[in-house]
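As provided, entry_34.pdb (PDB, C-alpha atoms and all ligand atoms) reads as follows.
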ATOM      1  CA  MET A  11      -2.317 -12.812 -24.466  1.00  0.00           C
ATOM      2  CA  ASP A  12      -2.362 -11.317 -27.972  1.00  0.00           C
ATOM      3  CA  GLY A  13      -5.262 -10.017 -29.999  1.00  0.00           C
ATOM      4  CA  THR A  14      -6.867  -7.777 -27.381  1.00  0.00           C
ATOM      5  CA  PRO A  15      -6.238  -4.130 -28.194  1.00  0.00           C
ATOM      6  CA  LEU A  16      -5.414  -2.049 -25.134  1.00  0.00           C
ATOM      7  CA  ASP A  17      -7.614   0.891 -24.431  1.00  0.00           C
ATOM      8  CA  GLY A  18      -5.067   3.603 -25.223  1.00  0.00           C
ATOM      9  CA  THR A  19      -6.663   6.270 -23.040  1.00  0.00           C
ATOM     10  CA  HIS A  20      -6.671   4.035 -19.964  1.00  0.00           C
ATOM     11  CA  LEU A  21      -3.164   2.797 -20.599  1.00  0.00           C
ATOM     12  CA  THR A  22      -1.906   6.361 -20.943  1.00  0.00           C
ATOM     13  CA  ALA A  23      -3.667   7.374 -17.710  1.00  0.00           C
ATOM     14  CA  LEU A  24      -1.925   4.559 -15.839  1.00  0.00           C
ATOM     15  CA  LEU A  25       1.469   5.317 -17.341  1.00  0.00           C
ATOM     16  CA  VAL A  26       1.143   9.015 -16.498  1.00  0.00           C
ATOM     17  CA  ALA A  27       0.450   8.045 -12.870  1.00  0.00           C
ATOM     18  CA  LEU A  28       3.401   5.654 -12.884  1.00  0.00           C
ATOM     19  CA  HIS A  29       5.719   8.290 -14.317  1.00  0.00           C
ATOM     20  CA  PHE A  30       4.503  10.854 -11.755  1.00  0.00           C
ATOM     21  CA  ALA A  31       4.957   8.442  -8.802  1.00  0.00           C
ATOM     22  CA  ALA A  32       8.371   7.238 -10.005  1.00  0.00           C
ATOM     23  CA  ASP A  33       9.530  10.841 -10.229  1.00  0.00           C
ATOM     24  CA  LYS A  34       8.172  11.749  -6.774  1.00  0.00           C
ATOM     25  CA  HIS A  35       9.706   8.679  -5.089  1.00  0.00           C
ATOM     26  CA  ARG A  36      12.941   8.830  -7.124  1.00  0.00           C
ATOM     27  CA  ASP A  37      15.296   9.436  -4.190  1.00  0.00           C
ATOM     28  CA  GLN A  38      13.582   7.006  -1.781  1.00  0.00           C
ATOM     29  CA  ARG A  39      14.690   3.496  -0.902  1.00  0.00           C
ATOM     30  CA  ARG A  40      13.132   0.875   1.345  1.00  0.00           C
ATOM     31  CA  LYS A  41      15.112   0.283   4.544  1.00  0.00           C
ATOM     32  CA  ASN A  42      15.698  -3.394   3.707  1.00  0.00           C
ATOM     33  CA  ARG A  43      19.084  -5.021   3.069  1.00  0.00           C
ATOM     34  CA  GLU A  44      18.691  -4.605  -0.678  1.00  0.00           C
ATOM     35  CA  ALA A  45      17.713  -0.910  -0.287  1.00  0.00           C
ATOM     36  CA  SER A  46      15.015  -1.560  -2.908  1.00  0.00           C
ATOM     37  CA  PRO A  47      13.699   1.432  -4.852  1.00  0.00           C
ATOM     38  CA  TYR A  48      10.548   2.713  -3.095  1.00  0.00           C
ATOM     39  CA  ILE A  49       8.516   2.697  -6.318  1.00  0.00           C
ATOM     40  CA  ASN A  50       8.503  -1.134  -6.297  1.00  0.00           C
ATOM     41  CA  HIS A  51       5.966  -0.912  -3.465  1.00  0.00           C
ATOM     42  CA  PRO A  52       3.213   1.189  -5.133  1.00  0.00           C
ATOM     43  CA  ILE A  53       3.700  -0.817  -8.333  1.00  0.00           C
ATOM     44  CA  GLU A  54       3.095  -4.022  -6.352  1.00  0.00           C
ATOM     45  CA  VAL A  55      -0.061  -2.551  -4.761  1.00  0.00           C
ATOM     46  CA  ALA A  56      -1.555  -1.677  -8.175  1.00  0.00           C
ATOM     47  CA  GLU A  57      -0.447  -5.019  -9.627  1.00  0.00           C
ATOM     48  CA  ILE A  58      -2.230  -6.943  -6.840  1.00  0.00           C
ATOM     49  CA  LEU A  59      -5.467  -5.034  -7.455  1.00  0.00           C
ATOM     50  CA  SER A  60      -5.305  -5.610 -11.211  1.00  0.00           C
ATOM     51  CA  ARG A  61      -4.079  -9.208 -11.411  1.00  0.00           C
ATOM     52  CA  VAL A  62      -5.569 -10.703  -8.238  1.00  0.00           C
ATOM     53  CA  GLY A  63      -8.540  -8.437  -7.626  1.00  0.00           C
ATOM     54  CA  GLY A  64      -9.499  -8.052 -11.287  1.00  0.00           C
ATOM     55  CA  ILE A  65      -9.930  -4.318 -10.679  1.00  0.00           C
ATOM     56  CA  THR A  66     -10.249  -2.340 -13.929  1.00  0.00           C
ATOM     57  CA  ASP A  67     -11.417   0.995 -12.529  1.00  0.00           C
ATOM     58  CA  VAL A  68      -8.741   3.426 -13.733  1.00  0.00           C
ATOM     59  CA  PRO A  69      -8.926   6.007 -10.868  1.00  0.00           C
ATOM     60  CA  THR A  70      -8.577   3.144  -8.335  1.00  0.00           C
ATOM     61  CA  LEU A  71      -5.468   1.803 -10.094  1.00  0.00           C
ATOM     62  CA  GLN A  72      -4.032   5.319 -10.464  1.00  0.00           C
ATOM     63  CA  ALA A  73      -4.668   6.017  -6.757  1.00  0.00           C
ATOM     64  CA  ALA A  74      -2.967   2.699  -5.898  1.00  0.00           C
ATOM     65  CA  ILE A  75       0.131   3.811  -7.819  1.00  0.00           C
ATOM     66  CA  LEU A  76       0.000   7.251  -6.154  1.00  0.00           C
ATOM     67  CA  HIS A  77      -1.108   6.124  -2.674  1.00  0.00           C
ATOM     68  CA  ASP A  78       2.065   7.121  -0.797  1.00  0.00           C
ATOM     69  CA  THR A  79       2.879  10.345  -2.667  1.00  0.00           C
ATOM     70  CA  ILE A  80       1.194  12.740  -0.200  1.00  0.00           C
ATOM     71  CA  GLU A  81       2.385  10.848   2.884  1.00  0.00           C
ATOM     72  CA  ASP A  82       5.973  10.216   1.856  1.00  0.00           C
ATOM     73  CA  THR A  83       6.913  12.893  -0.709  1.00  0.00           C
ATOM     74  CA  GLN A  84       6.380  16.636  -1.189  1.00  0.00           C
ATOM     75  CA  THR A  85       3.257  16.026  -3.293  1.00  0.00           C
ATOM     76  CA  THR A  86       0.160  18.043  -2.332  1.00  0.00           C
ATOM     77  CA  ALA A  87      -3.490  17.049  -2.656  1.00  0.00           C
ATOM     78  CA  GLY A  88      -4.004  19.998  -5.003  1.00  0.00           C
ATOM     79  CA  GLU A  89      -1.260  18.740  -7.299  1.00  0.00           C
ATOM     80  CA  LEU A  90      -2.929  15.309  -7.501  1.00  0.00           C
ATOM     81  CA  GLU A  91      -6.282  16.917  -8.267  1.00  0.00           C
ATOM     82  CA  THR A  92      -4.764  19.036 -11.046  1.00  0.00           C
ATOM     83  CA  CYS A  93      -2.970  16.088 -12.654  1.00  0.00           C
ATOM     84  CA  PHE A  94      -5.432  13.230 -12.005  1.00  0.00           C
ATOM     85  CA  GLY A  95      -8.783  14.716 -10.985  1.00  0.00           C
ATOM     86  CA  ALA A  96     -10.852  14.845  -7.803  1.00  0.00           C
ATOM     87  CA  LYS A  97     -11.609  11.096  -7.578  1.00  0.00           C
ATOM     88  CA  VAL A  98      -7.942  10.139  -7.458  1.00  0.00           C
ATOM     89  CA  ARG A  99      -7.106  12.976  -5.077  1.00  0.00           C
ATOM     90  CA  ARG A 100      -9.867  11.890  -2.665  1.00  0.00           C
ATOM     91  CA  LEU A 101      -8.822   8.218  -2.751  1.00  0.00           C
ATOM     92  CA  VAL A 102      -5.175   9.054  -2.022  1.00  0.00           C
ATOM     93  CA  GLU A 103      -6.241  11.377   0.794  1.00  0.00           C
ATOM     94  CA  GLU A 104      -8.376   8.609   2.291  1.00  0.00           C
ATOM     95  CA  VAL A 105      -5.373   6.291   2.596  1.00  0.00           C
ATOM     96  CA  THR A 106      -2.978   8.999   3.834  1.00  0.00           C
ATOM     97  CA  ASP A 107      -2.033   9.209   7.532  1.00  0.00           C
ATOM     98  CA  ASP A 108      -1.892  12.575   9.282  1.00  0.00           C
ATOM     99  CA  LYS A 109       1.855  12.898   9.779  1.00  0.00           C
ATOM    100  CA  GLN A 110       1.370  15.594  12.431  1.00  0.00           C
ATOM    101  CA  LEU A 111       0.214  12.859  14.819  1.00  0.00           C
ATOM    102  CA  PRO A 112       2.572  10.605  16.786  1.00  0.00           C
ATOM    103  CA  LYS A 113       3.224   7.207  15.207  1.00  0.00           C
ATOM    104  CA  ALA A 114       1.298   5.193  17.840  1.00  0.00           C
ATOM    105  CA  GLU A 115      -1.769   7.386  17.372  1.00  0.00           C
ATOM    106  CA  ARG A 116      -1.584   7.061  13.594  1.00  0.00           C
ATOM    107  CA  LYS A 117      -1.470   3.286  13.929  1.00  0.00           C
ATOM    108  CA  ARG A 118      -4.459   3.304  16.289  1.00  0.00           C
ATOM    109  CA  LEU A 119      -6.426   5.550  13.922  1.00  0.00           C
ATOM    110  CA  GLN A 120      -5.794   3.206  10.988  1.00  0.00           C
ATOM    111  CA  ILE A 121      -7.622   0.457  12.911  1.00  0.00           C
ATOM    112  CA  VAL A 122     -10.466   2.783  13.953  1.00  0.00           C
ATOM    113  CA  ASN A 123     -10.893   4.392  10.525  1.00  0.00           C
ATOM    114  CA  ALA A 124     -10.575   1.273   8.340  1.00  0.00           C
ATOM    115  CA  PRO A 125     -14.318   0.415   8.363  1.00  0.00           C
ATOM    116  CA  LEU A 126     -15.199   4.038   7.505  1.00  0.00           C
ATOM    117  CA  LEU A 127     -13.219   4.155   4.255  1.00  0.00           C
ATOM    118  CA  SER A 128     -14.908   4.064   0.847  1.00  0.00           C
ATOM    119  CA  ARG A 129     -14.970   0.679  -0.919  1.00  0.00           C
ATOM    120  CA  LYS A 130     -12.211   1.659  -3.345  1.00  0.00           C
ATOM    121  CA  ALA A 131     -10.001   3.054  -0.593  1.00  0.00           C
ATOM    122  CA  LYS A 132     -10.460  -0.199   1.362  1.00  0.00           C
ATOM    123  CA  LEU A 133      -9.171  -2.188  -1.602  1.00  0.00           C
ATOM    124  CA  ILE A 134      -6.089   0.007  -1.953  1.00  0.00           C
ATOM    125  CA  LYS A 135      -5.444  -0.246   1.779  1.00  0.00           C
ATOM    126  CA  ILE A 136      -5.660  -4.070   1.841  1.00  0.00           C
ATOM    127  CA  ALA A 137      -3.292  -4.359  -1.130  1.00  0.00           C
ATOM    128  CA  ASP A 138      -0.937  -1.927   0.658  1.00  0.00           C
ATOM    129  CA  LYS A 139      -0.990  -4.166   3.745  1.00  0.00           C
ATOM    130  CA  ILE A 140      -0.362  -7.288   1.606  1.00  0.00           C
ATOM    131  CA  SER A 141       2.727  -5.632   0.121  1.00  0.00           C
ATOM    132  CA  ASN A 142       3.963  -4.473   3.538  1.00  0.00           C
ATOM    133  CA  VAL A 143       3.360  -7.848   5.216  1.00  0.00           C
ATOM    134  CA  ARG A 144       5.357  -9.509   2.424  1.00  0.00           C
ATOM    135  CA  ASP A 145       8.188  -7.008   2.910  1.00  0.00           C
ATOM    136  CA  VAL A 146       8.223  -7.446   6.691  1.00  0.00           C
ATOM    137  CA  THR A 147       8.322 -11.223   6.087  1.00  0.00           C
ATOM    138  CA  HIS A 148      10.908 -11.479   3.315  1.00  0.00           C
ATOM    139  CA  SER A 149      12.959  -8.267   3.334  1.00  0.00           C
ATOM    140  CA  PRO A 150      12.319  -6.326   6.558  1.00  0.00           C
ATOM    141  CA  PRO A 151      13.973  -3.042   7.507  1.00  0.00           C
ATOM    142  CA  THR A 152      17.443  -4.036   8.687  1.00  0.00           C
ATOM    143  CA  HIS A 153      17.046  -2.443  12.132  1.00  0.00           C
ATOM    144  CA  TRP A 154      13.782  -4.248  12.971  1.00  0.00           C
ATOM    145  CA  PRO A 155      14.096  -6.937  15.659  1.00  0.00           C
ATOM    146  CA  HIS A 156      12.024 -10.122  15.458  1.00  0.00           C
ATOM    147  CA  GLN A 157       9.396  -8.853  17.896  1.00  0.00           C
ATOM    148  CA  ARG A 158       8.711  -5.704  15.912  1.00  0.00           C
ATOM    149  CA  ARG A 159       8.082  -7.785  12.799  1.00  0.00           C
ATOM    150  CA  CYS A 160       5.610  -9.980  14.714  1.00  0.00           C
ATOM    151  CA  GLU A 161       3.867  -6.899  16.115  1.00  0.00           C
ATOM    152  CA  TYR A 162       3.579  -5.445  12.617  1.00  0.00           C
ATOM    153  CA  LEU A 163       1.736  -8.554  11.416  1.00  0.00           C
ATOM    154  CA  ASP A 164      -0.652  -8.396  14.392  1.00  0.00           C
ATOM    155  CA  TRP A 165      -1.396  -4.728  13.732  1.00  0.00           C
ATOM    156  CA  ALA A 166      -1.906  -5.276   9.990  1.00  0.00           C
ATOM    157  CA  GLU A 167      -4.393  -8.049  10.798  1.00  0.00           C
ATOM    158  CA  GLN A 168      -6.367  -5.642  12.999  1.00  0.00           C
ATOM    159  CA  VAL A 169      -6.470  -2.948  10.297  1.00  0.00           C
ATOM    160  CA  VAL A 170      -7.516  -5.433   7.612  1.00  0.00           C
ATOM    161  CA  ALA A 171     -10.333  -6.756   9.843  1.00  0.00           C
ATOM    162  CA  GLY A 172     -12.044  -3.415   9.153  1.00  0.00           C
ATOM    163  CA  LEU A 173     -11.361  -3.496   5.402  1.00  0.00           C
ATOM    164  CA  ARG A 174     -12.588  -6.939   4.383  1.00  0.00           C
ATOM    165  CA  GLY A 175     -15.554  -7.883   2.255  1.00  0.00           C
ATOM    166  CA  GLU A 176     -14.955  -5.926  -0.962  1.00  0.00           C
ATOM    167  CA  ASN A 177     -13.026  -8.550  -2.935  1.00  0.00           C
ATOM    168  CA  THR A 178     -12.756 -12.218  -1.954  1.00  0.00           C
ATOM    169  CA  ALA A 179      -9.520 -12.868  -3.868  1.00  0.00           C
ATOM    170  CA  VAL A 180      -7.745  -9.865  -2.350  1.00  0.00           C
ATOM    171  CA  ASP A 181      -8.962 -10.812   1.153  1.00  0.00           C
ATOM    172  CA  ALA A 182      -7.669 -14.361   0.611  1.00  0.00           C
ATOM    173  CA  LEU A 183      -4.289 -13.085  -0.586  1.00  0.00           C
ATOM    174  CA  PHE A 184      -3.943 -11.069   2.615  1.00  0.00           C
ATOM    175  CA  ASP A 185      -4.727 -14.154   4.721  1.00  0.00           C
ATOM    176  CA  GLN A 186      -2.155 -16.126   2.770  1.00  0.00           C
ATOM    177  CA  ALA A 187       0.519 -13.421   3.171  1.00  0.00           C
ATOM    178  CA  LEU A 188      -0.190 -13.223   6.909  1.00  0.00           C
ATOM    179  CA  GLN A 189      -0.058 -16.992   7.348  1.00  0.00           C
ATOM    180  CA  THR A 190       3.216 -17.226   5.431  1.00  0.00           C
ATOM    181  CA  GLY A 191       4.660 -14.341   7.441  1.00  0.00           C
ATOM    182  CA  ARG A 192       3.739 -15.927  10.771  1.00  0.00           C
ATOM    183  CA  ALA A 193       5.114 -19.316   9.709  1.00  0.00           C
ATOM    184  CA  ILE A 194       8.429 -17.845   8.600  1.00  0.00           C
ATOM    185  CA  LEU A 195       8.796 -15.662  11.698  1.00  0.00           C
ATOM    186  CA  ALA A 196       7.917 -18.589  14.004  1.00  0.00           C
ATOM    187  CA  ASN A 197      10.579 -20.690  12.280  1.00  0.00           C
ATOM    188  CA  LEU A 198      13.184 -17.979  12.699  1.00  0.00           C
ATOM    189  CA  HIS A 199      12.504 -17.932  16.395  1.00  0.00           C
ATOM    190  CA  SER A 200      12.592 -21.674  17.060  1.00  0.00           C
TER     191      SER A 200
HETATM  192 ZN    ZN A 301       2.075   2.020   0.905  1.00  0.00          ZN
END

Conversion result in structure tokens:
Amino acid sequence: MDGTPLDGTHLTALLVALHFAADKHRDQRRKNREASPYINHPIEVAEILSRVGGITDVPTLQAAILHDTIEDTQTTAGELETCFGAKVRRLVEEVTDDKQLPKAERKRLQIVNAPLLSRKAKLIKIADKISNVRDVTHSPPTHWPHQRRCEYLDWAEQVVAGLRGENTAVDALFDQALQTGRAILANLHS
């Protein structure tokens, strides 16, 4: 692991994004039993893309870290553009739901729109679904009944069907997470 100098500019760009996201999500917790800090989730999404997907494109990794800031915090698209540039702003916007719409419609649109996303946005979205499927499997929101967890996995599979083909390792990790989730949920029910 030693001997390879980090590219300081890229490292700084990632840490600035991490600092920004941690600040924006600072008061948010996941609804699981542990009430995990929300920031664990975007960190996991970026970590999957880097470690498993081998992604080194800095705007993609920054957008992964920032992917829920517009949807779930007060952050505006303009703020992202000012701090991180147009590429990052566009990627985050691509993976942001329109919160004006009812939940069922937003879920339907994710399936419909998945194949239309840019290649980089597809990667972020698959890693997001991997992280969420793992959470629904291992530390679900406390108020979710068994059936809702199963339905979440089915829906995630439908969204990811439209995202596949950009990165074999990331696709395979999703399949593995889904398989594990279904096995664990089936066991709980038997
Ligand atoms: Zn997310």

On this structure, which residues satisfy the PyMOL selection byres (((not hetatm)) within 7 of (chain A and resi 301)), written as a CSV table (one decimal) with C-alpha atoms, in the frame of the given file?
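File out.csv, as written:
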chain,number,residue,atom,x,y,z
A,51,HIS,CA,6.0,-0.9,-3.5
A,52,PRO,CA,3.2,1.2,-5.1
A,77,HIS,CA,-1.1,6.1,-2.7
A,78,ASP,CA,2.1,7.1,-0.8
A,138,ASP,CA,-0.9,-1.9,0.7

For A:Thr86, which residue out of A:Arg43, A:His29, A:Lys34, A:Arg61 is the nearest one, using all atoms listed in the file?
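With all atoms listed in the file as the atom set, the closest residue is A:Lys34.
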
Using all atoms listed in the file, find the one residue out of A:Gln72, A:Thr79, A:Thr66, A:Thr152 that sits nearest to A:Val26.
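Among A:Gln72, A:Thr79, A:Thr66, A:Thr152, it is A:Gln72 that comes nearest to A:Val26.
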
Given the file shown, determine the residues that the PyMOL selection byres (((chain A and resi 176) around 7) and not hetatm) selects; report them as a list in words.
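Checked against the file, the PyMOL selection byres (((chain A and resi 176) around 7) and not hetatm) matches Arg129, Leu133, Arg174, Gly175, Asn177 and Thr178 of chain A.
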
Å distance separating atom CA of A:Glu81 from atom CA of A:Glu115, one decimal place:
15.5 Å

Residues at most 10 Å from A:Ile65, counting all atoms listed in the file, excluding those fewer than 4 positions away in the same chain, as a PyMOL selection string?
chain A and resi 56-61+70-71+130+133+177

Can you pull out every residue within 9 Å of stretch 97-99 of chain A, counting all atoms listed in the file, but drop anything in the same chain fewer than 4 positions away, and send it as a PyMOL selection string?
chain A and resi 69-70+72-73+76+87-92+103-104

Can I get the residues of stretch 64-163 of chain A within 12 Å of stretch 193-196 of chain A, each with the closest pair of atoms and their distance in Å to one decimal, using all atoms listed in the file, sorted chain first then ascending number, as CSV?
residue,atom,partner,partner_atom,distance
A:Val143,CA,A:Leu195,CA,11.5
A:Arg144,CA,A:Ile194,CA,10.8
A:Val146,CA,A:Leu195,CA,9.6
A:Thr147,CA,A:Ile194,CA,7.1
A:His148,CA,A:Ile194,CA,8.6
A:Ser149,CA,A:Ile194,CA,11.8
A:Pro150,CA,A:Leu195,CA,11.2
A:Pro155,CA,A:Leu195,CA,11.0
A:His156,CA,A:Leu195,CA,7.4
A:Gln157,CA,A:Leu195,CA,9.2
A:Arg158,CA,A:Leu195,CA,10.8
A:Arg159,CA,A:Leu195,CA,8.0
A:Cys160,CA,A:Leu195,CA,7.2
A:Glu161,CA,A:Leu195,CA,11.0
A:Tyr162,CA,A:Leu195,CA,11.5
A:Leu163,CA,A:Leu195,CA,10.0

Residue nearest A:Ile75 - candidates A:Ala131, A:Ala27, A:Val169, A:Ala114, atoms counted: all atoms listed in the file:
A:Ala27

On this structure, which residues satisfy the PyMOL selection byres (((chain A and resi 170) around 12) and not hetatm), written as a PyMOL selection string?
chain A and resi 120-125+127+132-140+143+163-169+171-176+180-185+188

Between atom CA of A:Ala187 and atom CA of A:Asp145, measure the distance and give it in Å to one decimal.
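Separation between atom CA of A:Ala187 and atom CA of A:Asp145: 10.0 Å.
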
Provide stretch 115-125 of chain A of the preceding structure as a file containing all heavy atoms, as a PDB file, in the first residue's frame.
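Below you can see decode_29.pdb, which holds the result:
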ATOM      1  N   GLU A 115     -45.222   7.576  -7.695  1.00  0.00           N
ATOM      2  CA  GLU A 115     -44.855   8.080  -9.021  1.00  0.00           C
ATOM      3  C   GLU A 115     -43.339   8.223  -9.137  1.00  0.00           C
ATOM      4  O   GLU A 115     -42.742   7.913 -10.176  1.00  0.00           O
ATOM      5  CB  GLU A 115     -45.560   9.428  -9.263  1.00  0.00           C
ATOM      6  CG  GLU A 115     -45.221  10.122 -10.570  1.00  0.00           C
ATOM      7  CD  GLU A 115     -45.660   9.339 -11.811  1.00  0.00           C
ATOM      8  OE1 GLU A 115     -46.233   8.242 -11.678  1.00  0.00           O
ATOM      9  OE2 GLU A 115     -45.388   9.828 -12.937  1.00  0.00           O
ATOM     10  N   ARG A 116     -42.707   8.677  -8.076  1.00  0.00           N
ATOM     11  CA  ARG A 116     -41.244   8.799  -8.095  1.00  0.00           C
ATOM     12  C   ARG A 116     -40.594   7.440  -8.282  1.00  0.00           C
ATOM     13  O   ARG A 116     -39.616   7.300  -9.016  1.00  0.00           O
ATOM     14  CB  ARG A 116     -40.754   9.428  -6.784  1.00  0.00           C
ATOM     15  CG  ARG A 116     -40.944  10.929  -6.748  1.00  0.00           C
ATOM     16  CD  ARG A 116     -40.910  11.492  -5.352  1.00  0.00           C
ATOM     17  NE  ARG A 116     -39.740  11.059  -4.595  1.00  0.00           N
ATOM     18  CZ  ARG A 116     -39.615  11.193  -3.279  1.00  0.00           C
ATOM     19  NH1 ARG A 116     -40.595  11.715  -2.572  1.00  0.00           N
ATOM     20  NH2 ARG A 116     -38.533  10.799  -2.678  1.00  0.00           N
ATOM     21  N   LYS A 117     -41.162   6.432  -7.637  1.00  0.00           N
ATOM     22  CA  LYS A 117     -40.598   5.078  -7.750  1.00  0.00           C
ATOM     23  C   LYS A 117     -40.791   4.539  -9.171  1.00  0.00           C
ATOM     24  O   LYS A 117     -39.906   3.911  -9.737  1.00  0.00           O
ATOM     25  CB  LYS A 117     -41.228   4.132  -6.718  1.00  0.00           C
ATOM     26  CG  LYS A 117     -40.916   4.569  -5.290  1.00  0.00           C
ATOM     27  CD  LYS A 117     -41.147   3.468  -4.284  1.00  0.00           C
ATOM     28  CE  LYS A 117     -39.886   2.669  -4.115  1.00  0.00           C
ATOM     29  NZ  LYS A 117     -39.839   1.829  -2.932  1.00  0.00           N
ATOM     30  N   ARG A 118     -41.953   4.821  -9.756  1.00  0.00           N
ATOM     31  CA  ARG A 118     -42.217   4.382 -11.126  1.00  0.00           C
ATOM     32  C   ARG A 118     -41.247   5.075 -12.091  1.00  0.00           C
ATOM     33  O   ARG A 118     -40.678   4.448 -12.986  1.00  0.00           O
ATOM     34  CB  ARG A 118     -43.672   4.715 -11.504  1.00  0.00           C
ATOM     35  CG  ARG A 118     -44.141   4.115 -12.822  1.00  0.00           C
ATOM     36  CD  ARG A 118     -45.518   4.646 -13.231  1.00  0.00           C
ATOM     37  NE  ARG A 118     -45.477   6.046 -13.642  1.00  0.00           N
ATOM     38  CZ  ARG A 118     -45.101   6.471 -14.851  1.00  0.00           C
ATOM     39  NH1 ARG A 118     -44.756   5.605 -15.779  1.00  0.00           N
ATOM     40  NH2 ARG A 118     -45.079   7.771 -15.131  1.00  0.00           N
ATOM     41  N   LEU A 119     -41.058   6.377 -11.885  1.00  0.00           N
ATOM     42  CA  LEU A 119     -40.169   7.137 -12.777  1.00  0.00           C
ATOM     43  C   LEU A 119     -38.720   6.659 -12.687  1.00  0.00           C
ATOM     44  O   LEU A 119     -37.984   6.716 -13.669  1.00  0.00           O
ATOM     45  CB  LEU A 119     -40.255   8.631 -12.469  1.00  0.00           C
ATOM     46  CG  LEU A 119     -41.509   9.329 -13.008  1.00  0.00           C
ATOM     47  CD1 LEU A 119     -41.536  10.780 -12.539  1.00  0.00           C
ATOM     48  CD2 LEU A 119     -41.574   9.262 -14.532  1.00  0.00           C
ATOM     49  N   GLN A 120     -38.297   6.209 -11.516  1.00  0.00           N
ATOM     50  CA  GLN A 120     -36.917   5.695 -11.415  1.00  0.00           C
ATOM     51  C   GLN A 120     -36.726   4.512 -12.361  1.00  0.00           C
ATOM     52  O   GLN A 120     -35.686   4.396 -13.011  1.00  0.00           O
ATOM     53  CB  GLN A 120     -36.594   5.270  -9.974  1.00  0.00           C
ATOM     54  CG  GLN A 120     -36.254   6.466  -9.097  1.00  0.00           C
ATOM     55  CD  GLN A 120     -35.373   6.077  -7.915  1.00  0.00           C
ATOM     56  OE1 GLN A 120     -34.546   5.171  -7.985  1.00  0.00           O
ATOM     57  NE2 GLN A 120     -35.554   6.768  -6.811  1.00  0.00           N
ATOM     58  N   ILE A 121     -37.736   3.639 -12.447  1.00  0.00           N
ATOM     59  CA  ILE A 121     -37.640   2.483 -13.354  1.00  0.00           C
ATOM     60  C   ILE A 121     -37.615   2.958 -14.807  1.00  0.00           C
ATOM     61  O   ILE A 121     -36.781   2.532 -15.605  1.00  0.00           O
ATOM     62  CB  ILE A 121     -38.830   1.509 -13.135  1.00  0.00           C
ATOM     63  CG1 ILE A 121     -38.803   0.948 -11.716  1.00  0.00           C
ATOM     64  CG2 ILE A 121     -38.804   0.386 -14.175  1.00  0.00           C
ATOM     65  CD1 ILE A 121     -40.047   0.166 -11.322  1.00  0.00           C
ATOM     66  N   VAL A 122     -38.528   3.871 -15.140  1.00  0.00           N
ATOM     67  CA  VAL A 122     -38.649   4.368 -16.519  1.00  0.00           C
ATOM     68  C   VAL A 122     -37.400   5.134 -16.950  1.00  0.00           C
ATOM     69  O   VAL A 122     -36.918   4.991 -18.072  1.00  0.00           O
ATOM     70  CB  VAL A 122     -39.897   5.290 -16.629  1.00  0.00           C
ATOM     71  CG1 VAL A 122     -39.963   5.966 -17.988  1.00  0.00           C
ATOM     72  CG2 VAL A 122     -41.168   4.506 -16.360  1.00  0.00           C
ATOM     73  N   ASN A 123     -36.855   5.948 -16.041  1.00  0.00           N
ATOM     74  CA  ASN A 123     -35.748   6.837 -16.410  1.00  0.00           C
ATOM     75  C   ASN A 123     -34.369   6.186 -16.344  1.00  0.00           C
ATOM     76  O   ASN A 123     -33.417   6.711 -16.936  1.00  0.00           O
ATOM     77  CB  ASN A 123     -35.755   8.090 -15.521  1.00  0.00           C
ATOM     78  CG  ASN A 123     -36.936   8.992 -15.831  1.00  0.00           C
ATOM     79  OD1 ASN A 123     -37.457   8.981 -16.948  1.00  0.00           O
ATOM     80  ND2 ASN A 123     -37.376   9.754 -14.848  1.00  0.00           N
ATOM     81  N   ALA A 124     -34.265   5.055 -15.632  1.00  0.00           N
ATOM     82  CA  ALA A 124     -32.936   4.437 -15.437  1.00  0.00           C
ATOM     83  C   ALA A 124     -32.147   4.274 -16.746  1.00  0.00           C
ATOM     84  O   ALA A 124     -30.981   4.677 -16.818  1.00  0.00           O
ATOM     85  CB  ALA A 124     -33.074   3.106 -14.709  1.00  0.00           C
ATOM     86  N   PRO A 125     -32.754   3.721 -17.813  1.00  0.00           N
ATOM     87  CA  PRO A 125     -31.968   3.515 -19.037  1.00  0.00           C
ATOM     88  C   PRO A 125     -31.552   4.815 -19.729  1.00  0.00           C
ATOM     89  O   PRO A 125     -30.671   4.804 -20.577  1.00  0.00           O
ATOM     90  CB  PRO A 125     -32.918   2.721 -19.958  1.00  0.00           C
ATOM     91  CG  PRO A 125     -34.088   2.334 -19.128  1.00  0.00           C
ATOM     92  CD  PRO A 125     -34.135   3.248 -17.960  1.00  0.00           C
TER      93      PRO A 125
END
